[in-house]
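Novice: What follows is target34.txt, made up of compact mmCIF, C-alpha atoms:
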```txt
# COMPACT_ATOMS: atom_id res chain seq x y z
CA MET A 245 30.55 -7.70 7.55
CA LYS A 246 30.87 -6.00 10.92
CA VAL A 247 29.45 -7.71 14.00
CA THR A 248 26.97 -4.90 14.68
CA THR A 249 25.77 -4.95 11.07
CA GLY A 250 25.26 -8.71 11.01
CA LEU A 251 23.51 -8.75 14.38
CA SER A 252 21.22 -5.90 13.31
CA PHE A 253 20.19 -7.73 10.15
CA LEU A 254 19.52 -10.93 12.12
CA LEU A 255 17.39 -9.11 14.67
CA LEU A 256 15.41 -7.16 12.07
CA GLY A 257 15.01 -10.23 9.86
CA GLY A 258 13.66 -12.25 12.77
CA ALA A 259 11.20 -9.51 13.72
CA LEU A 260 10.05 -9.20 10.10
CA TRP A 261 9.59 -12.97 9.79
CA TRP A 262 7.50 -12.94 12.97
CA GLN A 263 5.26 -10.19 11.56
CA ARG A 264 4.55 -12.38 8.53
CA ARG A 265 3.14 -15.16 10.74
CA ARG A 266 -0.59 -15.15 11.29
CA ASP A 267 -0.53 -17.40 14.36
CA ARG A 268 1.56 -15.16 16.60
CA PRO A 269 1.18 -16.17 20.29
CA ALA A 270 1.09 -13.19 22.66
CA PRO A 271 4.16 -14.13 24.78
CA GLY A 272 6.29 -14.57 21.65
CA THR A 273 5.05 -11.29 20.21
CA ARG A 274 6.23 -9.39 23.30
CA VAL A 275 9.69 -10.98 23.12
CA ILE A 276 10.09 -10.54 19.36
CA GLY A 277 8.90 -6.95 19.73
CA LEU A 278 12.12 -6.20 21.63
CA LEU A 279 14.36 -7.19 18.70
CA PRO A 280 13.94 -4.00 16.63
CA TRP A 281 14.35 -1.98 19.83
CA LEU A 282 17.81 -3.53 20.28
CA VAL A 283 18.73 -2.39 16.76
CA VAL A 284 17.43 1.11 17.51
CA VAL A 285 19.62 1.28 20.63
CA LEU A 286 22.74 -0.06 18.87
CA THR A 287 22.45 2.24 15.88
CA GLY A 288 21.42 5.19 18.04
CA LEU A 289 24.58 4.82 20.15
CA THR A 290 26.65 4.62 16.97
CA LEU A 291 25.15 7.84 15.64
CA MET A 292 25.88 9.51 18.99
CA ASP A 293 29.57 8.73 18.43
CA TYR A 294 29.42 10.57 15.13
CA LEU A 295 27.47 13.54 16.44
CA LEU A 296 29.25 14.10 19.78
CA PRO A 297 32.58 15.98 19.81
CA ALA A 298 34.36 13.12 21.57
CA ASN A 299 34.28 9.48 20.46
CA LEU A 300 32.83 7.60 23.44
CA GLY A 301 33.20 4.22 21.73
CA PHE A 302 29.50 3.33 21.82
CA GLY A 303 29.57 2.24 18.19
CA GLN A 304 32.46 -0.17 18.83
CA ILE A 305 30.91 -2.10 21.72
CA LEU A 306 30.58 -5.20 19.54
CA ALA A 307 33.71 -4.61 17.45
CA ARG A 308 35.96 -7.62 16.96
CA ALA A 309 39.46 -7.59 18.34
CA GLY A 310 40.89 -7.93 14.85
CA ASP A 311 39.17 -4.80 13.55
CA THR A 312 42.26 -2.59 13.53
CA ASP A 313 42.73 -0.58 10.38
CA PRO A 314 44.95 2.51 10.69
CA ALA A 315 43.22 4.06 7.67
CA VAL A 316 39.86 3.98 9.46
CA ALA A 317 39.09 6.37 12.32
CA ALA A 318 37.01 3.88 14.28
CA PRO A 319 37.47 0.26 13.12
CA GLY A 320 34.46 -1.99 13.61
CA ARG A 321 32.02 0.91 13.78
CA LEU A 322 29.10 1.16 11.35
CA SER A 323 29.33 3.82 8.68
CA PHE A 324 27.13 6.83 9.29
CA ALA A 325 24.86 5.93 6.32
CA THR A 326 24.52 2.29 7.40
CA ALA A 327 23.66 3.30 10.97
CA GLN A 328 21.06 5.76 9.73
CA ALA A 329 19.48 3.19 7.42
CA LEU A 330 19.34 0.49 10.12
CA LEU A 331 17.90 2.99 12.60
CA CYS A 332 15.11 3.84 10.13
CA LEU A 333 14.36 0.16 9.50
CA GLY A 334 14.39 -0.62 13.23
CA LEU A 335 11.97 2.23 13.95
CA ALA A 336 9.81 1.09 11.04
CA LEU A 337 9.31 -2.31 12.68
CA VAL A 338 8.77 -0.73 16.10
CA LEU A 339 6.06 1.56 14.67
CA LEU A 340 4.76 -0.94 12.12
CA ASP A 341 1.08 -0.77 13.10
CA TRP A 342 1.01 2.75 14.56
CA SER A 343 -0.72 5.44 12.53
CA LEU A 344 -0.77 9.23 12.81
CA ALA A 345 -4.09 9.35 10.96
CA PRO A 346 -6.23 6.93 8.96
CA ARG A 347 -4.02 5.39 6.25
CA LEU A 348 -0.97 7.39 7.36
CA TYR A 349 1.71 5.09 8.77
CA PRO A 350 5.15 6.55 9.66
CA ALA A 351 6.63 3.05 9.32
CA GLU A 352 6.23 3.26 5.54
CA LEU A 353 8.27 6.47 5.31
CA LEU A 354 10.97 5.09 7.63
CA ALA A 355 11.21 1.85 5.62
CA LEU A 356 11.39 3.88 2.41
CA LEU A 357 14.24 6.02 3.78
CA GLY A 358 16.18 2.91 4.79
CA THR A 359 15.61 1.39 1.35
CA LEU A 360 16.78 4.53 -0.43
CA ALA A 361 19.95 4.66 1.67
CA GLY A 362 20.76 1.10 0.60
CA LEU A 363 19.86 1.92 -3.01
CA VAL A 364 22.29 4.87 -3.08
CA GLY A 365 25.09 2.60 -1.87
CA LEU A 366 24.10 -0.09 -4.39
CA LEU A 367 24.18 2.40 -7.28
CA GLY A 368 27.55 3.65 -6.05
CA HIS A 369 28.98 0.14 -6.36
CA LEU A 370 27.27 -0.40 -9.73
CA PHE A 371 28.54 2.86 -11.23
CA GLY A 372 31.92 2.69 -9.50
CA VAL A 373 31.35 6.00 -7.68
CA ALA A 374 33.05 5.52 -4.31
CA GLY A 375 31.63 8.74 -2.92
CA LEU A 376 28.17 7.14 -2.75
CA TYR A 377 29.24 4.34 -0.39
CA GLN A 378 32.64 5.31 1.06
CA PHE A 379 32.82 8.00 3.74
CA SER A 380 36.52 8.41 4.39
CA PRO A 381 38.01 8.43 6.96
CA TYR A 382 35.03 6.46 8.29
CA SER A 383 33.82 2.98 7.42
CA THR A 384 32.15 2.18 4.11
CA MET A 385 28.84 0.56 3.10
CA PRO A 386 29.79 -2.74 1.41
CA LEU A 387 27.83 -4.11 -1.55
CA HIS A 388 26.23 -6.93 0.47
CA THR A 389 25.11 -4.44 3.13
CA SER A 390 23.49 -2.26 0.45
CA LEU A 391 21.64 -5.26 -1.00
CA LEU A 392 20.40 -6.37 2.43
CA LEU A 393 19.19 -2.85 3.27
CA VAL A 394 17.19 -2.67 0.04
CA GLY A 395 15.73 -6.15 0.52
CA LEU A 396 14.87 -5.60 4.18
CA GLY A 397 13.26 -2.21 3.47
CA ILE A 398 11.10 -3.66 0.71
CA GLY A 399 10.14 -6.54 2.99
CA ILE A 400 9.01 -4.18 5.76
CA MET A 401 6.88 -2.16 3.33
CA ALA A 402 5.38 -5.36 1.91
CA VAL A 403 4.59 -7.03 5.25
CA ARG A 404 1.26 -5.14 5.36
CA PRO A 405 0.24 -5.34 1.66
CA GLN A 406 -3.35 -4.25 2.29
CA ARG A 407 -2.49 -0.65 3.15
CA GLY A 408 -0.45 2.38 2.15
CA LEU A 409 2.01 2.57 -0.73
CA VAL A 410 2.18 -1.19 -1.30
CA ALA A 411 -1.63 -1.49 -1.45
CA VAL A 412 -1.64 0.56 -4.65
CA LEU A 413 0.98 -1.73 -6.17
CA THR A 414 -0.71 -5.01 -5.12
CA SER A 415 -4.29 -4.02 -5.91
CA ASN A 416 -6.29 -5.79 -8.61
CA TRP A 417 -7.38 -2.47 -10.09
CA ILE A 418 -6.00 -1.05 -13.33
CA GLY A 419 -3.60 1.27 -11.49
CA GLY A 420 -2.03 -1.60 -9.57
CA ALA A 421 -1.80 -3.78 -12.68
CA TRP A 422 0.03 -1.08 -14.63
CA MET A 423 2.34 -0.19 -11.75
CA ARG A 424 3.41 -3.85 -11.53
CA ARG A 425 4.19 -3.78 -15.24
CA LEU A 426 5.85 -0.39 -15.60
CA PHE A 427 7.68 0.11 -12.32
CA PRO A 428 10.21 -2.79 -12.59
CA VAL A 429 10.76 -2.16 -16.31
CA GLY A 430 11.15 1.60 -15.86
CA LEU A 431 13.50 1.30 -12.87
CA THR A 432 15.66 -1.29 -14.63
CA ALA A 433 15.74 0.73 -17.85
CA ILE A 434 16.77 3.99 -16.13
CA ILE A 435 19.55 2.34 -14.11
CA GLY A 436 20.70 0.31 -17.12
CA LEU A 437 20.85 3.32 -19.44
CA ALA A 438 22.75 5.37 -16.87
CA TRP A 439 25.24 2.53 -16.36
CA LEU A 440 25.79 2.07 -20.12
CA ARG A 441 26.23 5.82 -20.57
CA LEU A 442 28.86 5.89 -17.81
CA LEU A 443 30.74 2.95 -19.34
CA ALA A 444 30.70 4.60 -22.77
CA GLU A 445 32.03 7.88 -21.34
CA ARG A 446 34.83 6.12 -19.51
CA ALA A 447 35.74 4.26 -22.70
CA GLY A 448 36.07 7.60 -24.45
CA TRP A 449 33.28 7.04 -27.00
CA PHE A 450 31.83 10.52 -26.40
CA PRO A 451 32.21 13.41 -23.93
CA ALA A 452 30.03 13.82 -20.83
CA VAL A 453 27.76 16.44 -22.44
CA VAL A 454 26.93 14.16 -25.36
CA GLY A 455 26.33 11.23 -23.00
CA THR A 456 23.95 13.28 -20.88
CA THR A 457 22.06 14.39 -24.00
CA ILE A 458 21.70 10.82 -25.25
CA LEU A 459 20.54 9.60 -21.82
CA VAL A 460 17.93 12.35 -21.45
CA THR A 461 16.67 11.73 -25.01
CA LEU A 462 16.26 8.00 -24.41
CA MET A 463 14.50 8.62 -21.10
CA VAL A 464 12.09 11.11 -22.70
CA VAL A 465 11.31 8.66 -25.52
CA GLY A 466 10.79 5.83 -23.03
CA LEU A 467 8.54 7.97 -20.86
CA ALA A 468 6.49 9.07 -23.88
CA VAL A 469 6.01 5.46 -25.01
CA ALA A 470 4.99 4.38 -21.49
CA LEU A 471 2.51 7.26 -21.18
CA TRP A 472 1.04 6.45 -24.60
CA VAL A 473 0.55 2.78 -23.67
CA VAL A 474 -1.05 3.70 -20.34
CA GLY A 475 -3.25 6.33 -21.99
CA HIS A 476 -4.40 3.84 -24.64
CA GLN A 477 -5.27 1.23 -22.03
CA LEU A 478 -7.09 3.82 -19.89
CA ASN A 479 -9.14 4.83 -22.96
CA LEU A 480 -10.15 1.20 -23.45
CA LEU A 481 -11.02 0.93 -19.76
CA HIS A 482 -13.06 4.13 -19.94
CA ALA A 483 -15.01 2.73 -22.88
CA ARG A 484 -15.80 -0.44 -20.91
CA LEU A 485 -16.85 1.60 -17.89
CA GLN A 486 -19.15 3.72 -20.05
CA CYS A 487 -20.69 0.52 -21.41
CA LEU A 488 -21.24 -0.83 -17.88
CA ALA A 489 -22.65 2.53 -16.76
CA ALA A 490 -25.10 2.48 -19.68
CA ILE A 491 -26.20 -1.04 -18.72
CA VAL A 492 -26.78 0.03 -15.11
CA GLU A 493 -28.58 3.22 -16.11
CA SER A 494 -30.91 1.50 -18.60
CA SER A 495 -31.77 -1.42 -16.29
CA ASP A 496 -35.42 -1.77 -15.24
CA ASP A 497 -34.23 -2.81 -11.78
CA ALA A 498 -33.37 -0.23 -9.14
CA ILE A 499 -29.57 -0.29 -8.67
CA ILE A 500 -28.32 1.70 -5.69
CA SER A 501 -24.90 1.96 -4.06
CA LYS A 502 -24.33 3.15 -0.50
CA ASP A 503 -21.51 3.46 2.00
CA LEU A 504 -21.33 1.58 5.31
CA THR A 505 -23.36 4.27 7.08
CA GLY A 506 -26.25 3.84 4.64
CA ARG A 507 -25.58 7.08 2.74
CA ILE A 508 -26.62 6.73 -0.91
CA ILE A 509 -23.79 7.21 -3.42
CA SER A 510 -25.48 6.36 -6.73
CA TRP A 511 -29.08 6.08 -7.92
CA ASN A 512 -30.00 4.83 -11.40
CA ALA A 513 -33.02 5.53 -13.62
CA GLY A 514 -34.62 2.23 -12.54
CA ALA A 515 -34.57 3.45 -8.93
CA GLU A 516 -36.22 6.71 -10.02
CA ARG A 517 -39.05 4.78 -11.69
CA LEU A 518 -39.48 2.30 -8.83
CA PHE A 519 -39.36 4.71 -5.88
CA GLY A 520 -40.38 7.99 -7.50
CA TYR A 521 -37.34 9.97 -6.29
CA THR A 522 -34.83 11.55 -8.67
CA SER A 523 -31.09 11.02 -8.36
CA ASP A 524 -30.61 14.61 -7.17
CA GLU A 525 -33.14 14.01 -4.38
CA MET A 526 -31.57 10.78 -3.10
CA VAL A 527 -27.80 10.92 -3.59
CA GLY A 528 -26.34 11.91 -0.23
CA GLN A 529 -29.48 10.85 1.66
CA ASN A 530 -29.67 7.86 3.98
CA ILE A 531 -31.21 4.67 2.64
CA LEU A 532 -33.49 4.60 5.72
CA ARG A 533 -35.63 7.19 3.93
CA LEU A 534 -37.06 4.33 1.86
CA ILE A 535 -37.61 1.89 4.71
CA PRO A 536 -40.74 1.75 6.91
CA ASP A 537 -40.09 2.53 10.56
CA GLU A 538 -40.89 -0.98 11.72
CA GLN A 539 -38.25 -2.49 9.37
CA GLN A 540 -35.32 -0.13 9.88
CA SER A 541 -33.58 -2.61 12.20
CA GLU A 542 -33.40 -4.88 9.15
CA GLU A 543 -31.19 -2.36 7.34
CA ARG A 544 -28.88 -1.95 10.33
CA TYR A 545 -28.43 -5.70 10.52
CA ILE A 546 -27.64 -5.89 6.81
CA LEU A 547 -25.03 -3.12 7.03
CA THR A 548 -23.40 -4.92 9.95
CA SER A 549 -23.30 -8.16 7.96
CA ILE A 550 -21.77 -6.41 4.97
CA ARG A 551 -19.17 -4.71 7.17
CA LEU A 552 -18.19 -8.10 8.62
CA GLY A 553 -17.92 -9.64 5.15
CA GLU A 554 -20.88 -11.97 5.68
CA ARG A 555 -23.04 -13.00 2.74
CA VAL A 556 -26.55 -11.54 2.60
CA VAL A 557 -28.97 -13.78 0.72
CA PRO A 558 -31.59 -12.14 -1.54
CA TYR A 559 -34.74 -11.34 0.42
CA ALA A 560 -38.24 -9.95 -0.06
CA THR A 561 -39.23 -6.88 1.92
CA ARG A 562 -41.21 -3.63 1.78
CA ARG A 563 -40.08 -0.16 0.78
CA ARG A 564 -41.76 3.26 0.79
CA ARG A 565 -42.19 5.26 -2.42
CA SER A 566 -42.07 9.06 -2.66
CA ASP A 567 -45.90 9.18 -2.57
CA GLY A 568 -45.96 7.23 0.72
CA ASP A 569 -47.19 3.93 -0.76
CA LEU A 570 -45.53 0.72 0.43
CA ILE A 571 -44.38 -1.70 -2.27
CA ARG A 572 -43.01 -5.22 -2.13
CA VAL A 573 -39.52 -5.68 -3.59
CA MET A 574 -36.94 -8.43 -3.93
CA VAL A 575 -33.53 -7.14 -2.82
CA SER A 576 -30.03 -8.47 -3.59
CA ILE A 577 -26.98 -6.95 -1.88
CA SER A 578 -23.27 -7.26 -2.70
CA PRO A 579 -20.24 -5.69 -0.96
CA VAL A 580 -18.24 -2.90 -2.64
CA ARG A 581 -14.47 -2.98 -2.05
CA ASP A 582 -11.73 -0.38 -2.50
CA PHE A 583 -8.37 -0.94 -4.24
CA ALA A 584 -6.94 -2.54 -1.07
CA GLY A 585 -9.79 -5.06 -0.85
CA ASN A 586 -11.47 -3.39 2.14
CA ILE A 587 -15.27 -3.33 2.19
CA VAL A 588 -16.34 0.31 1.87
CA GLY A 589 -20.00 0.00 0.91
CA ALA A 590 -22.72 -2.08 -0.67
CA SER A 591 -24.52 -2.35 -3.98
CA LYS A 592 -28.24 -3.03 -3.82
CA ILE A 593 -30.53 -4.26 -6.59
CA ALA A 594 -34.28 -3.99 -5.94
CA ARG A 595 -36.97 -5.50 -8.19
CA LEU A 596 -40.71 -4.97 -7.83
CA ILE A 597 -42.73 -8.00 -6.71
CA GLU A 598 -45.91 -7.95 -8.71
CA PRO A 599 -49.24 -8.36 -6.84
CA GLY A 600 -50.19 -12.00 -6.42
CA ASN A 601 -46.63 -13.23 -6.04
CA ASN A 602 -46.39 -15.45 -2.93
CA GLN A 603 -42.80 -14.67 -1.96
CA ASP A 604 -42.18 -14.04 1.75
CA PHE A 605 -41.74 -10.45 2.85
CA VAL A 606 -38.35 -11.04 4.51
CA ALA A 607 -36.06 -14.02 3.92
CA ASP A 608 -33.95 -15.61 6.63
CA GLY A 609 -30.77 -13.76 5.55
CA ALA A 610 -32.24 -10.32 6.33
CA THR A 611 -33.92 -10.97 9.65
CA ASN A 612 -32.37 -10.17 12.98
CA PRO A 613 -30.63 -13.12 14.62
```
Would you give me this structure, written as structure tokens?
Specialist:
Amino acid sequence: MKVTTGLSFLLLGGALWWQRRRDRPAPGTRVIGLLPWLVVVLTGLTLMDYLLPANLGFGQILARAGDTDPAVAAPGRLSFATAQALLCLGLALVLLDWSLAPRLYPAELLALLGTLAGLVGLLGHLFGVAGLYQFSPYSTMPLHTSLLLVGLGIGIMAVRPQRGLVAVLTSNWIGGAWMRRLFPVGLTAIIGLAWLRLLAERAGWFPAVVGTTILVTLMVVGLAVALWVVGHQLNLLHARLQCLAAIVESSDDAIISKDLTGRIISWNAGAERLFGYTSDEMVGQNILRLIPDEQQSEERYILTSIRLGERVVPYATRRRRSDGDLIRVMVSISPVRDFAGNIVGASKIARLIEPGNNQDFVADGATNP
């Protein structure tokens, strides 16, 4: 392994390890933050050697004295593909927490590009296709370098598992569960079938056209089976969701969901009976429409608690019906999370307190501190 390659992997590996730590002291963070910048500078200078008409020797600053191969134009210099991949991974760590827009992180794309570059080299070694990893008369991308690029790229994408592409894969929802099952199997099967087909062709078992036909047929069959399995499981999930929806809709309790601004998202038949408003009248409206003016600070406090992940104990309070009457209700609130585990709203269950019941109007969990 070339000196520049090894140093780049050490620097990026150290920066990635630091990002995994939760107790990162500020002084150390500033120092470690310089490591990927060093890789960006080293690989950037190397790429300048390739792009400029004259070789200025930037890419050979750290070359060893023994790196003298007459068959190589610039011994000790990174290959163009390796330099590109390391530059992408270095920039990915530099821009790790920077976003262009909500949930749009350039670091994910840069890490993916670096991973794909390593994967192309890895497949070149696996299939014995030198053109995928050897760039004569320049340096090559060795097998160990390809493996490290793939591993480092995956590590950078996985260092923030609660967001972006990896969040879909790590989620507890049905999509994440099936991606974890199908993605490794599908990737391994495709690469394995292509490798076996190539070996069979080289052994002379059948011509290239027949091998391509067999490979495509097997891939189509595999894809059809995978889609059937996923479709069957989604049908079962849909049936369970319909059952849950029927339970919610037929409940005598008012069951309401809202986002973190208080905007109502769902409104069941129990809520229509309790408050006198139809679903069409309330979905999209703010929950404050049901709350007396003197108690609206209560709702703001509850939304803040939900947003912070704090538990809200069931409490008794008053709500206003469509006819203007105030009624006493017992309210239970639970957070609603998205596929990444982020709190995006709240689910509220309200039950009428019959006259004569001595429950307090507002419990301790719903009062202002």
Novice: Can you tell me how far CA of Asp569 (chain A) sits from CA of Leu532 (chain A), in Å to one decimal?
Specialist: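 Taking CA of Asp569 (chain A) and CA of Leu532 (chain A), their separation equals 15.2 Å.
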Novice: What's the 9 Å shell around Leu391 (chain A), counting all atoms listed in the file, without same-chain residues fewer than 6 positions away, as a ChimeraX atom specification?
Specialist: /A:362-363,365-366
Novice: What is the distance, in Å and to one decimal place, between CA of Gly448 (chain A) and CA of Val460 (chain A)?
Specialist: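 If I compute the distance from CA of Gly448 (chain A) to CA of Val460 (chain A), I get 19.0 Å.
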Novice: Measuring atom to atom with all atoms listed in the file, identify which of A:Ile535, A:Ala438, A:Val412, A:Leu552 is nearest to Thr461 (chain A).
Specialist: A:Ala438
Novice: Skip Leu370 (chain A) itself and residues of its chain fewer than 5 positions away, then list as a VMD selection string all residues within 10 Å of it, counting only C-alpha atoms.
Specialist: chain A and resid 364 to 365 387 435 to 436 439
Novice: Here is a test: counting all atoms listed in the file, which residue of A:Tyr521, A:Trp417, A:Tyr545, A:Phe371 is nearest to Arg441 (chain A)?
Specialist: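 When distances to Arg441 (chain A) are compared using all atoms listed in the file, the smallest one comes from A:Phe371.
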Novice: Which of these residues is nearest to Leu357 (chain A), using all atoms listed in the file: A:Gln539, A:Gln263, A:Gln328, A:Gln477?
Specialist: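 Under the stated criterion, the closest residue is A:Gln328.
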Novice: Could you pull out every residue with an atom within 9 Å of (-40.1, -4.5, 10.0), file coordinates, counting only C-alpha atoms, and send them as a PDB file with C-alpha atoms, in the coordinates of the input?
Specialist:
```pdb
ATOM      1  CA  ILE A 535     -37.610   1.890   4.710  1.00  0.00           C
ATOM      2  CA  PRO A 536     -40.740   1.750   6.910  1.00  0.00           C
ATOM      3  CA  ASP A 537     -40.090   2.530  10.560  1.00  0.00           C
ATOM      4  CA  GLU A 538     -40.890  -0.980  11.720  1.00  0.00           C
ATOM      5  CA  GLN A 539     -38.250  -2.490   9.370  1.00  0.00           C
ATOM      6  CA  GLN A 540     -35.320  -0.130   9.880  1.00  0.00           C
ATOM      7  CA  SER A 541     -33.580  -2.610  12.200  1.00  0.00           C
ATOM      8  CA  GLU A 542     -33.400  -4.880   9.150  1.00  0.00           C
ATOM      9  CA  THR A 561     -39.230  -6.880   1.920  1.00  0.00           C
ATOM     10  CA  ARG A 562     -41.210  -3.630   1.780  1.00  0.00           C
ATOM     11  CA  VAL A 606     -38.350 -11.040   4.510  1.00  0.00           C
ATOM     12  CA  THR A 611     -33.920 -10.970   9.650  1.00  0.00           C
TER      13      THR A 611
END
```
Novice: Just checking: using all atoms listed in the file, which residue out of A:Val556, A:Met526, A:Val429, A:Leu330 ends up closest to Pro579 (chain A)?
Specialist: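 Distance minimum relative to Pro579 (chain A) lands on A:Val556.
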Novice: Record the distance separating CA of Leu440 (chain A) and CA of Met463 (chain A), expressed in Å with one decimal.
Specialist: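 Computing the Euclidean distance for CA of Leu440 (chain A) and CA of Met463 (chain A) yields 13.1 Å.
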Novice: Ala470 (chain A): which residues within 8 Å, counting all atoms listed in the file, same-chain residues fewer than 4 positions away excluded, as a list in words?
Specialist: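 Answer for this query is Leu426, Gly466 and Val474 of chain A.
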Novice: Since we have the selection now, will you write its residues out, keeping C-alpha atoms, as an mmCIF file, keeping the file's coordinate frame?
Specialist:
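Output file again18.cif follows:
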```
data_model
loop_
_atom_site.group_PDB
_atom_site.id
_atom_site.type_symbol
_atom_site.label_atom_id
_atom_site.label_comp_id
_atom_site.auth_asym_id
_atom_site.auth_seq_id
_atom_site.Cartn_x
_atom_site.Cartn_y
_atom_site.Cartn_z
ATOM 1 C CA LEU A 426 5.850 -0.390 -15.600
ATOM 2 C CA GLY A 466 10.790 5.830 -23.030
ATOM 3 C CA VAL A 474 -1.050 3.700 -20.340
#
```
Novice: Which polymer residues have any atom within 9 Å of an atom of Leu282 (chain A), counting only C-alpha atoms, with same-chain residues fewer than 5 positions away left out, as a ChimeraX atom specification?
Specialist: /A:252,255,287,334
Novice: Only C-alpha atoms, please: the residues just picked out, written as an mmCIF file, keeping the file's coordinate frame.
Specialist:
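The resulting file, out-v3.cif, is reproduced below:
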```
data_model
loop_
_atom_site.group_PDB
_atom_site.id
_atom_site.type_symbol
_atom_site.label_atom_id
_atom_site.label_comp_id
_atom_site.auth_asym_id
_atom_site.auth_seq_id
_atom_site.Cartn_x
_atom_site.Cartn_y
_atom_site.Cartn_z
ATOM 1 C CA SER A 252 21.220 -5.900 13.310
ATOM 2 C CA LEU A 255 17.390 -9.110 14.670
ATOM 3 C CA THR A 287 22.450 2.240 15.880
ATOM 4 C CA GLY A 334 14.390 -0.620 13.230
#
```
Novice: Can you list, as a PyMOL selection string, every protein, DNA or RNA residue that comes within 8 Å of Ser510 (chain A) when you count only C-alpha atoms, leaving out same-chain residues fewer than 4 positions away?
Specialist: chain A and resi 500-502+523+527
Novice: With distances taken over only C-alpha atoms, which residue among A:Leu459, A:Ala444, A:Ala433, A:Ala421 lies nearest Leu478 (chain A)?
Specialist: A:Ala421
Novice: Rank A:Val492, A:Val469, A:Leu442, A:Ala590 by their smallest atom-to-atom distance to Thr456 (chain A), using all atoms listed in the file, and report the top residue only.
Specialist: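 So, comparing all the options, the nearest one is A:Leu442.
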Novice: Could you give me, as a list in words, the residues that sit within 8 Å of (32.4, -0.8, -3.8) in the file's coordinates, counting all atoms listed in the file?
Specialist: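 Here the neighbourhood of the point contains Gly368, His369, Leu370, Gly372, Val373, Ala374, Tyr377, Gln378, Met385, Pro386 and Leu387 of chain A.
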